[in-house]
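Containing mmCIF, C-alpha atoms: run-v5.cif.
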data_start
loop_
_atom_site.label_atom_id
_atom_site.label_comp_id
_atom_site.auth_asym_id
_atom_site.auth_seq_id
_atom_site.Cartn_x
_atom_site.Cartn_y
_atom_site.Cartn_z
CA MET A 1 155.64 29.39 58.03
CA LEU A 2 153.77 31.97 60.06
CA ARG A 3 150.02 31.46 60.22
CA HIS A 4 147.29 33.61 61.66
CA ALA A 5 143.51 33.36 61.65
CA GLU A 6 141.28 36.38 62.23
CA PRO A 7 137.52 36.02 62.76
CA VAL A 8 135.93 38.98 61.02
CA MET A 9 133.23 39.83 58.48
CA GLY A 10 131.10 36.86 59.41
CA THR A 11 133.89 34.48 58.47
CA VAL A 12 137.54 33.96 59.22
CA PHE A 13 140.50 35.36 57.37
CA SER A 14 143.53 33.09 57.34
CA PHE A 15 147.08 34.08 56.63
CA ALA A 16 150.11 31.97 55.85
CA VAL A 17 153.46 33.65 55.34
CA ARG A 18 156.42 31.56 54.27
CA ASP A 19 158.95 34.36 54.54
CA PRO A 20 158.00 36.20 57.71
CA GLY A 21 160.17 39.07 58.80
CA PRO A 22 160.46 40.98 62.04
CA ASP A 23 157.55 43.23 61.03
CA THR A 24 155.15 40.53 59.88
CA ALA A 25 153.30 40.14 63.17
CA ASP A 26 152.77 43.87 63.34
CA VAL A 27 151.50 43.97 59.77
CA LEU A 28 149.03 41.21 60.57
CA ARG A 29 147.73 43.26 63.48
CA ARG A 30 147.27 46.25 61.22
CA ILE A 31 145.50 44.10 58.66
CA ALA A 32 143.16 42.78 61.35
CA ARG A 33 142.26 46.30 62.42
CA ARG A 34 141.62 47.26 58.83
CA LEU A 35 139.36 44.24 58.23
CA HIS A 36 137.29 45.03 61.29
CA ARG A 37 136.95 48.59 60.08
CA ILE A 38 135.75 47.38 56.67
CA ASP A 39 133.19 45.20 58.41
CA ALA A 40 131.96 48.10 60.53
CA VAL A 41 131.38 50.18 57.41
CA PHE A 42 130.06 47.56 55.00
CA SER A 43 128.35 44.79 56.92
CA PRO A 44 124.69 44.39 55.90
CA TYR A 45 124.23 42.35 59.08
CA ARG A 46 125.07 45.25 61.36
CA THR A 47 122.19 47.64 61.71
CA ASP A 48 124.61 50.46 62.50
CA SER A 49 126.88 49.97 59.50
CA GLN A 50 127.01 52.70 56.91
CA ILE A 51 125.65 50.27 54.33
CA SER A 52 122.62 49.49 56.50
CA ARG A 53 122.00 53.13 57.24
CA LEU A 54 122.43 54.02 53.57
CA ASP A 55 119.93 51.32 52.66
CA ARG A 56 117.41 52.73 55.14
CA GLY A 57 117.89 56.23 53.78
CA GLU A 58 119.41 57.53 57.00
CA LEU A 59 122.60 58.43 55.18
CA GLY A 60 123.32 59.62 51.69
CA VAL A 61 126.31 58.32 49.77
CA ASP A 62 128.06 61.63 50.36
CA ASP A 63 127.64 61.16 54.11
CA CYS A 64 129.44 57.83 53.99
CA ASP A 65 133.09 56.98 54.01
CA PRO A 66 134.48 57.65 50.52
CA GLU A 67 135.21 53.96 50.08
CA VAL A 68 131.47 53.26 50.11
CA ARG A 69 131.06 55.21 46.92
CA ALA A 70 134.11 53.49 45.46
CA ALA A 71 132.74 50.06 46.32
CA LEU A 72 129.36 50.79 44.80
CA ALA A 73 131.09 52.04 41.67
CA ALA A 74 133.13 48.85 41.53
CA CYS A 75 129.94 46.80 41.85
CA ARG A 76 128.51 48.56 38.82
CA GLU A 77 131.72 47.91 36.89
CA VAL A 78 131.49 44.23 37.72
CA ALA A 79 127.85 44.22 36.64
CA ASP A 80 128.89 45.72 33.30
CA GLU A 81 131.74 43.22 32.91
CA THR A 82 129.42 40.30 33.56
CA ASP A 83 126.42 41.20 31.41
CA GLY A 84 124.40 42.17 34.45
CA TYR A 85 124.89 38.89 36.30
CA PHE A 86 126.25 40.74 39.32
CA THR A 87 124.34 43.12 41.53
CA GLU A 88 125.00 45.03 44.72
CA ARG A 89 121.33 44.46 45.59
CA PRO A 90 120.89 40.69 45.67
CA GLY A 91 117.37 40.06 46.83
CA GLY A 92 116.62 43.78 46.73
CA ARG A 93 118.53 44.94 49.76
CA LEU A 94 121.77 46.87 49.49
CA ASP A 95 124.53 44.33 50.05
CA PRO A 96 127.83 44.87 48.25
CA SER A 97 129.44 41.94 50.09
CA GLY A 98 129.99 40.17 46.78
CA TRP A 99 132.59 42.79 46.06
CA VAL A 100 133.71 43.85 49.52
CA LYS A 101 134.98 40.53 50.81
CA GLY A 102 137.22 39.78 47.85
CA ARG A 103 138.42 43.35 47.87
CA ALA A 104 139.29 42.98 51.55
CA VAL A 105 141.33 39.85 50.79
CA GLU A 106 143.18 41.68 48.04
CA GLU A 107 143.87 44.66 50.26
CA ALA A 108 145.16 42.44 53.04
CA ALA A 109 147.44 40.66 50.60
CA GLY A 110 148.67 44.02 49.35
CA MET A 111 149.51 45.12 52.88
CA LEU A 112 151.63 42.00 53.34
CA GLY A 113 153.39 42.68 50.06
CA ASP A 114 153.99 46.31 50.98
CA ALA A 115 155.63 45.12 54.18
CA GLY A 116 158.12 43.08 52.20
CA ALA A 117 156.58 39.61 52.19
CA ARG A 118 156.87 37.75 48.90
CA GLN A 119 155.53 34.29 49.82
CA TYR A 120 152.10 34.40 51.36
CA CYS A 121 148.54 33.23 51.09
CA VAL A 122 145.43 35.05 52.31
CA SER A 123 142.02 33.42 52.46
CA GLY A 124 138.83 35.23 53.33
CA GLY A 125 136.20 32.58 53.85
CA GLY A 126 137.57 30.45 51.04
CA ASP A 127 138.41 33.24 48.64
CA VAL A 128 142.13 32.92 48.18
CA GLN A 129 144.90 35.25 47.07
CA THR A 130 148.41 33.89 46.91
CA ALA A 131 151.75 35.52 46.23
CA GLY A 132 154.92 33.69 45.35
CA GLY A 133 154.58 29.98 45.51
CA PRO A 134 153.90 27.46 44.38
CA TRP A 135 150.86 27.10 46.62
CA ARG A 136 148.53 24.12 46.50
CA ILE A 137 144.90 25.16 46.63
CA GLY A 138 142.17 22.59 47.15
CA VAL A 139 138.75 23.21 45.64
CA ALA A 140 136.01 21.81 47.88
CA HIS A 141 133.82 19.34 46.05
CA PRO A 142 130.25 20.64 46.18
CA LEU A 143 128.61 17.20 46.02
CA ARG A 144 130.97 14.61 47.46
CA THR A 145 131.40 15.34 51.08
CA GLY A 146 134.96 15.38 52.22
CA ARG A 147 136.43 15.41 48.77
CA LEU A 148 138.20 17.96 46.73
CA ALA A 149 136.95 18.55 43.23
CA ALA A 150 140.40 19.71 42.21
CA VAL A 151 143.80 20.67 43.45
CA LEU A 152 145.26 23.73 41.82
CA ALA A 153 148.87 24.76 42.07
CA GLY A 154 150.75 27.79 40.96
CA ASP A 155 152.37 31.06 41.79
CA GLY A 156 150.41 34.20 42.56
CA LEU A 157 147.00 32.75 41.79
CA ALA A 158 143.65 34.09 42.95
CA VAL A 159 140.95 31.44 43.44
CA ALA A 160 137.30 31.94 44.32
CA THR A 161 134.49 29.39 44.45
CA SER A 162 130.77 30.04 44.43
CA GLY A 163 128.56 27.10 45.18
CA THR A 164 125.51 25.56 46.72
CA ALA A 165 127.17 23.00 48.98
CA GLU A 166 126.83 24.76 52.29
CA ARG A 167 124.10 27.31 51.84
CA GLY A 168 121.84 25.74 49.26
CA ALA A 169 120.75 27.68 46.21
CA HIS A 170 121.45 31.14 47.51
CA VAL A 171 122.86 32.98 44.51
CA LEU A 172 120.08 34.76 42.68
CA ASP A 173 120.10 35.32 38.97
CA PRO A 174 119.67 39.09 38.78
CA HIS A 175 117.85 38.72 35.49
CA THR A 176 115.13 36.46 36.88
CA GLY A 177 115.28 37.04 40.62
CA ARG A 178 115.28 33.28 41.09
CA PRO A 179 118.04 31.10 42.56
CA ALA A 180 120.60 29.92 40.06
CA THR A 181 120.44 26.14 39.87
CA GLY A 182 122.49 25.20 36.83
CA LEU A 183 125.71 24.64 38.76
CA ALA A 184 126.79 22.93 41.94
CA SER A 185 129.88 25.11 42.07
CA LEU A 186 131.87 27.43 39.90
CA THR A 187 135.53 28.13 40.61
CA LEU A 188 137.46 30.89 38.91
CA VAL A 189 141.24 31.09 38.83
CA GLY A 190 142.91 34.41 38.19
CA SER A 191 146.48 34.54 36.95
CA PRO A 192 148.90 37.06 38.44
CA GLY A 193 147.60 40.50 37.59
CA THR A 194 143.99 39.49 38.09
CA GLY A 195 143.36 39.87 41.79
CA ILE A 196 140.87 38.19 44.07
CA ALA A 197 138.58 41.24 44.30
CA ARG A 198 137.45 40.81 40.72
CA VAL A 199 137.87 37.05 40.62
CA ASP A 200 135.56 36.68 43.63
CA ALA A 201 132.88 39.00 42.30
CA TRP A 202 133.13 37.41 38.87
CA ALA A 203 132.72 33.95 40.41
CA THR A 204 129.43 35.01 41.95
CA ALA A 205 128.26 36.41 38.64
CA ALA A 206 129.45 33.40 36.68
CA PHE A 207 127.61 31.07 39.04
CA ALA A 208 124.40 32.93 38.28
CA MET A 209 125.10 32.56 34.55
CA GLY A 210 124.93 28.78 34.59
CA PRO A 211 127.53 26.48 33.04
CA ASP A 212 127.38 27.25 29.33
CA ARG A 213 127.41 30.99 29.64
CA ALA A 214 129.90 30.96 32.52
CA LEU A 215 132.49 28.84 30.72
CA ALA A 216 132.12 30.84 27.52
CA TRP A 217 132.42 34.07 29.46
CA ALA A 218 135.53 32.94 31.37
CA GLY A 219 137.08 31.57 28.20
CA ARG A 220 136.88 35.00 26.59
CA ARG A 221 138.49 36.79 29.50
CA PRO A 222 142.31 36.87 29.51
CA GLY A 223 143.93 35.64 32.71
CA VAL A 224 140.84 33.80 33.94
CA GLU A 225 140.08 30.09 33.89
CA ALA A 226 137.06 28.26 35.23
CA LEU A 227 136.16 24.88 36.68
CA ALA A 228 132.45 24.05 36.82
CA VAL A 229 130.89 21.21 38.77
CA LEU A 230 127.37 20.49 37.56
CA PRO A 231 124.57 19.24 39.79
CA ASP A 232 125.08 15.70 38.43
CA GLY A 233 128.76 15.82 39.30
CA THR A 234 130.01 16.39 35.79
CA LYS A 235 133.05 18.62 35.64
CA ARG A 236 133.67 21.07 32.87
CA TRP A 237 136.47 23.56 32.50
CA THR A 238 137.94 26.18 30.27
CA PRO A 239 140.70 25.11 27.87
CA GLY A 240 143.40 26.89 29.85
CA LEU A 241 142.55 25.43 33.25
CA PRO A 242 144.86 22.40 33.04
CA ARG A 243 147.93 24.59 33.17
CA HIS A 244 146.97 25.40 36.75
CA LEU A 245 146.94 21.74 37.74
CA PRO A 246 149.93 20.41 39.66
CA ALA A 247 152.33 18.12 37.90
CA VAL A 248 151.90 15.28 40.33
CA GLY A 249 150.49 14.57 43.75
CA PRO A 250 147.86 12.68 45.69
CA ALA A 251 144.24 13.49 45.07
CA ASP A 252 145.04 15.73 42.16
CA PHE A 253 142.24 16.42 39.82
CA ARG A 254 142.85 15.25 36.29
CA PRO A 255 140.71 16.30 33.40
CA VAL A 256 139.85 12.98 31.84
CA MET B 1 135.61 13.83 86.18
CA ARG B 2 135.90 12.89 82.61
CA ARG B 3 136.93 15.75 80.46
CA ALA B 4 136.61 14.39 77.06
CA VAL B 5 135.38 14.72 73.63
CA VAL B 6 134.88 11.64 71.66
CA SER B 7 137.42 11.32 68.99
CA THR B 8 136.63 10.86 65.44
CA ALA B 9 138.07 7.84 63.82
CA ALA B 10 139.62 8.08 60.46
CA THR B 11 140.43 5.24 58.19
CA ALA B 12 143.56 5.13 56.20
CA ALA B 13 141.54 6.56 53.39
CA GLY B 14 140.78 9.45 55.62
CA VAL B 15 137.09 9.57 54.96
CA VAL B 16 135.42 7.95 57.93
CA LEU B 17 134.54 9.85 60.96
CA LEU B 18 132.31 9.82 63.90
CA LEU B 19 131.23 13.06 65.39
CA SER B 20 130.35 13.30 68.96
CA LEU B 21 129.33 16.62 70.20
CA LYS B 22 129.45 18.18 73.56
CA PRO B 23 126.38 19.79 75.03
CA HIS B 24 125.95 23.34 73.91
CA GLY B 25 127.17 25.95 76.30
CA ALA B 26 130.37 24.15 77.00
CA ALA B 27 132.28 27.02 75.58
CA GLY B 28 136.01 26.96 75.87
CA PRO B 29 136.92 30.63 75.92
CA ALA B 30 140.59 30.06 76.23
CA PRO B 31 142.34 28.22 73.44
CA VAL B 32 144.01 25.18 74.84
CA ILE B 33 146.99 23.41 73.51
CA SER B 34 147.17 19.99 74.97
CA SER B 35 149.47 17.09 74.50
CA GLY B 36 147.56 13.91 74.71
CA GLY B 37 144.96 15.27 77.05
CA ALA B 38 141.62 16.36 75.74
CA ALA B 39 140.60 19.94 75.65
CA GLY B 40 137.15 20.90 76.66
CA SER B 41 135.17 21.94 79.61
CA ASP B 42 133.17 20.44 82.37
CA GLY B 43 130.88 17.60 81.85
CA SER B 44 131.16 13.96 81.25
CA ALA B 45 131.75 12.56 77.86
CA SER B 46 128.75 13.38 75.81
CA GLY B 47 126.57 10.86 74.17
CA SER B 48 127.55 9.78 70.78
CA ALA B 49 125.78 11.58 68.02
CA GLY B 50 127.75 9.91 65.38
CA SER B 51 127.44 10.92 61.83
CA ALA B 52 129.42 9.36 59.09
CA ALA B 53 128.21 11.29 56.19
CA GLY B 54 128.37 11.31 52.57
CA ALA B 55 130.29 9.43 50.05
CA SER B 56 129.40 5.89 49.26
CA ASP B 57 132.87 4.74 50.00
CA ALA B 58 132.69 6.00 53.54
CA THR B 59 131.90 3.42 56.16
CA PRO B 60 131.00 4.25 59.71
CA ALA B 61 133.69 3.09 62.05
CA PRO B 62 132.39 3.78 65.53
CA SER B 63 135.65 3.11 67.22
CA ALA B 64 135.42 6.29 69.15
CA SER B 65 137.94 6.53 71.89
CA PRO B 66 137.33 9.08 74.60
CA THR B 67 140.56 10.73 75.46
CA GLY B 68 140.93 11.17 79.16
CA ALA B 69 142.56 14.10 80.81
CA GLY B 70 145.02 11.70 82.28
CA GLY B 71 146.55 11.01 78.94
CA THR B 72 150.15 11.82 78.69
CA GLY B 73 151.78 13.52 75.81
CA GLY B 74 155.31 12.74 76.72
CA ALA B 75 157.81 12.41 73.99
CA GLY B 76 155.37 10.67 71.69
CA THR B 77 154.57 12.15 68.34
CA VAL B 78 150.80 11.97 68.87
CA ARG B 79 149.34 15.17 70.16
CA LYS B 80 146.05 16.97 70.26
CA VAL B 81 145.68 20.61 69.45
CA THR B 82 142.57 22.67 70.06
CA GLY B 83 141.80 25.60 67.84
CA ASP B 84 140.32 28.91 68.80
CA ALA B 85 136.58 29.08 69.19
CA VAL B 86 135.41 30.98 66.15
CA ASN B 87 132.28 33.07 66.35
CA THR B 88 130.27 32.47 63.25
CA ARG B 89 126.96 34.00 62.36
CA TYR B 90 125.29 30.95 63.84
CA GLY B 91 127.30 30.64 66.99
CA PRO B 92 130.69 29.51 68.20
CA VAL B 93 132.51 26.67 66.53
CA GLN B 94 135.61 25.01 67.87
CA VAL B 95 137.51 21.93 66.85
CA ALA B 96 140.53 19.98 67.95
CA VAL B 97 142.83 17.92 65.78
CA THR B 98 144.94 14.98 66.74
CA LEU B 99 148.23 14.76 64.96
CA SER B 100 150.54 11.86 64.57
CA GLY B 101 153.68 13.59 63.58
CA SER B 102 152.42 16.10 61.06
CA ARG B 103 149.52 13.97 59.88
CA ILE B 104 145.95 14.53 61.03
CA THR B 105 144.52 11.35 62.44
CA ALA B 106 141.36 12.70 64.02
CA VAL B 107 139.20 15.79 64.12
CA ASP B 108 136.98 16.51 67.09
CA VAL B 109 134.21 19.04 67.15
CA VAL B 110 134.52 20.60 70.58
CA GLU B 111 131.71 23.06 70.17
CA TYR B 112 129.15 23.92 67.55
CA PRO B 113 125.96 25.94 67.39
CA THR B 114 122.73 24.22 68.37
CA GLU B 115 120.46 27.17 68.91
CA ASP B 116 117.67 26.30 66.59
CA ARG B 117 116.56 23.96 63.92
CA ARG B 118 118.18 25.91 61.14
CA ASP B 119 121.50 25.59 62.90
CA ARG B 120 121.04 21.88 63.20
CA GLU B 121 120.26 21.62 59.54
CA ILE B 122 123.40 23.49 58.70
CA ASN B 123 125.57 21.57 61.09
CA SER B 124 124.24 18.17 60.28
CA SER B 125 125.55 18.57 56.79
CA ALA B 126 128.33 21.08 56.99
CA LEU B 127 130.30 19.83 59.95
CA PRO B 128 130.67 16.23 58.80
CA LEU B 129 131.47 17.56 55.39
CA LEU B 130 134.23 19.71 56.69
CA ASN B 131 135.59 17.01 58.91
CA GLN B 132 136.04 14.84 55.91
CA GLU B 133 137.24 17.66 53.82
CA ALA B 134 139.95 18.40 56.29
CA LEU B 135 141.19 14.86 56.17
CA ALA B 136 141.02 14.70 52.45
CA ALA B 137 142.79 17.99 52.22
CA GLN B 138 145.51 16.62 54.43
CA SER B 139 146.03 13.67 52.16
CA ALA B 140 146.16 16.01 49.20
CA HIS B 141 148.76 18.21 50.86
CA VAL B 142 146.98 21.44 50.17
CA ASP B 143 147.81 24.73 51.80
CA VAL B 144 144.29 26.12 51.73
CA VAL B 145 140.81 25.20 50.52
CA SER B 146 138.66 27.39 48.32
CA GLY B 147 134.93 27.21 48.62
CA ALA B 148 133.59 27.36 52.15
CA THR B 149 131.47 29.97 53.84
CA PHE B 150 129.60 30.66 57.07
CA THR B 151 129.43 28.00 59.71
CA SER B 152 131.46 25.46 57.86
CA ASP B 153 133.91 28.16 57.05
CA GLY B 154 134.27 29.07 60.67
CA TYR B 155 134.86 25.44 61.30
CA ALA B 156 137.43 25.16 58.59
CA ARG B 157 139.30 28.13 59.88
CA SER B 158 139.14 26.86 63.37
CA LEU B 159 140.79 23.74 62.12
CA GLN B 160 143.30 25.89 60.36
CA SER B 161 143.88 27.70 63.58
CA ALA B 162 144.60 24.39 65.26
CA LEU B 163 147.04 23.55 62.53
CA ASP B 164 148.68 26.92 62.96
CA ARG B 165 149.19 26.13 66.60
CA ALA B 166 150.64 22.82 65.64
CA GLY B 167 153.25 24.73 63.71
CA ARG B 168 152.40 23.41 60.34
#

As structure tokens, how would this structure be written, given the file I've shared?
Amino acid sequence: MLRHAEPVMGTVFSFAVRDPGPDTADVLRRIARRLHRIDAVFSPYRTDSQISRLDRGELGVDDCDPEVRAALAACREVADETDGYFTERPGGRLDPSGWVKGRAVEEAAGMLGDAGARQYCVSGGGDVQTAGGPWRIGVAHPLRTGRLAAVLAGDGLAVATSGTAERGAHVLDPHTGRPATGLASLTLVGSPGTGIARVDAWATAAFAMGPDRALAWAGRRPGVEALAVLPDGTKRWTPGLPRHLPAVGPADFRPV
Amino acid sequence: MRRAVVSTAATAAGVVLLLSLKPHGAAGPAPVISSGGAAGSDGSASGSAGSAAGASDATPAPSASPTGAGGTGGAGTVRKVTGDAVNTRYGPVQVAVTLSGSRITAVDVVEYPTEDRRDREINSSALPLLNQEALAAQSAHVDVVSGATFTSDGYARSLQSALDRAGR
């Protein structure tokens, strides 16, 4: 297993490749350069990024890298797909990070696949895209320190978790402008064919929805399952989630 | 001179830990892989700022054991691996793990941000959480954990970096 960790985009991207080839190290270097480039264009924390300059009116969209327009368009698609529970302006300021990070994970995974890897796992700050497998993916418990709320296992899954555990109530409900408080965490699992870019953005939106709406929404969407941990510790999940649970193993989550 | 960080102590259940943190500014720019010896920088062993957080079934076990630089790795299966310092939005975070064979037996926080009160708030909850999470994740044999961000994420990935160096 070849592993690599790359600090970038205010977090760390981690790579695990079970079938590394002679080119894998070089591909990882190219991926790292690409991630730093994405950060330079999109970071809302860099005053000189195109996103920051666009937000201040110093640039127009046409002056930006074409992928800025594409990302903003994707944000609007996600907003449409999620009944307006996603926005590229959380808190009012232009910040498409809710799309960009997951998209970066998916692109990095795609670059590994293009280079011939078939068994790999990419995590961007806890947003995970796997290929091949099976991979065992722990879901951090939002309330019980040091525990996993679930262990998921499968091939080619995408897993994203939005929660309050480490940042408090920071996801705003775009419809009210107030922090969403109905959930402690919301994890979405995308089957192969549903990549982490959308799964990650959807997880943010679904968190803002609260448990009832989020589970109903995920249940209607093919290829997506959800695990919700409520503020009182209660777990709820979509009917199809259990097929992503491992057959056996320590600390596995069992829907009881 | 003692060059030590105070080890965390983990029970068999893997939930108990004691954090002891080095003074801020003791940055270790170069990742160190050590066998038995402790990684870190100048300064004597820091005072214990132990924190056994969280779950009701966790019991503080302050059996911290400073690891001296004179420790020998030898042919034993116990070794200590220090991860890269990861620059997070709040400052650098670096951890070291002690492995017995391929099992994590301790997690040390070598460096963490202490710049202001907000940082302390974040770290007082997030770092113990992640310490425990790492141990729990080990017992669950997971490849990766979904759900962390920011400082704790940097921490988690620094741990992952240490595991990478351990060849897991």

List as a PyMOL selection string the protein and nucleic acid residues near Arg118 (chain A), meaning an atom at most 8 Å away when all atoms listed in the file are counted, but skip any in the same chain fewer than 6 places from it. chain A and resi 19+131-132

Spell out the residues picked by the PyMOL selection byres ((chain A and resi 86) around 9) here, as a list in words.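 In the shown coordinates, the PyMOL selection byres ((chain A and resi 86) around 9) covers Cys75, Arg76, Val78, Ala79, Asp80, Glu81, Thr82, Asp83, Gly84, Tyr85, Thr87, Glu88, Arg89, Pro90, Gly98, Asp173, Pro174, Ala201, Trp202, Thr204, Ala205, Ala206 and Ala208 of chain A.
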
Val61 (chain A) surroundings by all atoms listed in the file, 12 Å radius, close-in-sequence under 2 positions cut, as an NGL selection string: :A and (50-59 or 63-73)

Interface, chain A side, toward chain B (9 Å; only C-alpha atoms) as a PyMOL selection string: chain A and resi 1-8+10-14+16+121+123+125-128+135-148+151-153+159-163+165-167+185+187+249-252

Expected file: the selected residues, C-alpha atoms, as a compact mmCIF listing (two decimals), in the frame of the given file:
# COMPACT_ATOMS: atom_id res chain seq x y z
CA MET A 1 155.64 29.39 58.03
CA LEU A 2 153.77 31.97 60.06
CA ARG A 3 150.02 31.46 60.22
CA HIS A 4 147.29 33.61 61.66
CA ALA A 5 143.51 33.36 61.65
CA GLU A 6 141.28 36.38 62.23
CA PRO A 7 137.52 36.02 62.76
CA VAL A 8 135.93 38.98 61.02
CA GLY A 10 131.10 36.86 59.41
CA THR A 11 133.89 34.48 58.47
CA VAL A 12 137.54 33.96 59.22
CA PHE A 13 140.50 35.36 57.37
CA SER A 14 143.53 33.09 57.34
CA ALA A 16 150.11 31.97 55.85
CA CYS A 121 148.54 33.23 51.09
CA SER A 123 142.02 33.42 52.46
CA GLY A 125 136.20 32.58 53.85
CA GLY A 126 137.57 30.45 51.04
CA ASP A 127 138.41 33.24 48.64
CA VAL A 128 142.13 32.92 48.18
CA TRP A 135 150.86 27.10 46.62
CA ARG A 136 148.53 24.12 46.50
CA ILE A 137 144.90 25.16 46.63
CA GLY A 138 142.17 22.59 47.15
CA VAL A 139 138.75 23.21 45.64
CA ALA A 140 136.01 21.81 47.88
CA HIS A 141 133.82 19.34 46.05
CA PRO A 142 130.25 20.64 46.18
CA LEU A 143 128.61 17.20 46.02
CA ARG A 144 130.97 14.61 47.46
CA THR A 145 131.40 15.34 51.08
CA GLY A 146 134.96 15.38 52.22
CA ARG A 147 136.43 15.41 48.77
CA LEU A 148 138.20 17.96 46.73
CA VAL A 151 143.80 20.67 43.45
CA LEU A 152 145.26 23.73 41.82
CA ALA A 153 148.87 24.76 42.07
CA VAL A 159 140.95 31.44 43.44
CA ALA A 160 137.30 31.94 44.32
CA THR A 161 134.49 29.39 44.45
CA SER A 162 130.77 30.04 44.43
CA GLY A 163 128.56 27.10 45.18
CA ALA A 165 127.17 23.00 48.98
CA GLU A 166 126.83 24.76 52.29
CA ARG A 167 124.10 27.31 51.84
CA SER A 185 129.88 25.11 42.07
CA THR A 187 135.53 28.13 40.61
CA GLY A 249 150.49 14.57 43.75
CA PRO A 250 147.86 12.68 45.69
CA ALA A 251 144.24 13.49 45.07
CA ASP A 252 145.04 15.73 42.16

Spell out the residues picked by the PyMOL selection byres ((chain A and resi 228-244) around 6) here, as a VMD selection string. chain A and resid 152 to 153 183 to 186 219 225 to 227 245

Enclose region 119-124 of chain A, meaning all of its atoms listed in the file, in a box aligned along x, y and z, pad it by 8 Å on each side, and list the centre and edge lengths in Å to one decimal, as JSON.
{"center_x": 147.2, "center_y": 34.2, "center_z": 51.6, "size_x": 32.7, "size_y": 18.0, "size_z": 19.5}

Selected residue of minimal separation from His175 (chain A) among A:Gly91, A:Ala158, A:Ser97, A:Gln129, counting only C-alpha atoms: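 Of A:Gly91, A:Ala158, A:Ser97, A:Gln129, the one nearest His175 (chain A), counting only C-alpha atoms, is A:Gly91.
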
CA of Asp114 (chain A) and CA of Pro192 (chain A) are how many Å apart?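 Pair CA of Asp114 (chain A) / CA of Pro192 (chain A) returns 16.4 Å.
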
Would you compute the distance between CA of Leu188 (chain A) and CA of Ala108 (chain A)? Give it in Å to one decimal.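 Computing it gives 19.8 Å between the two atoms.
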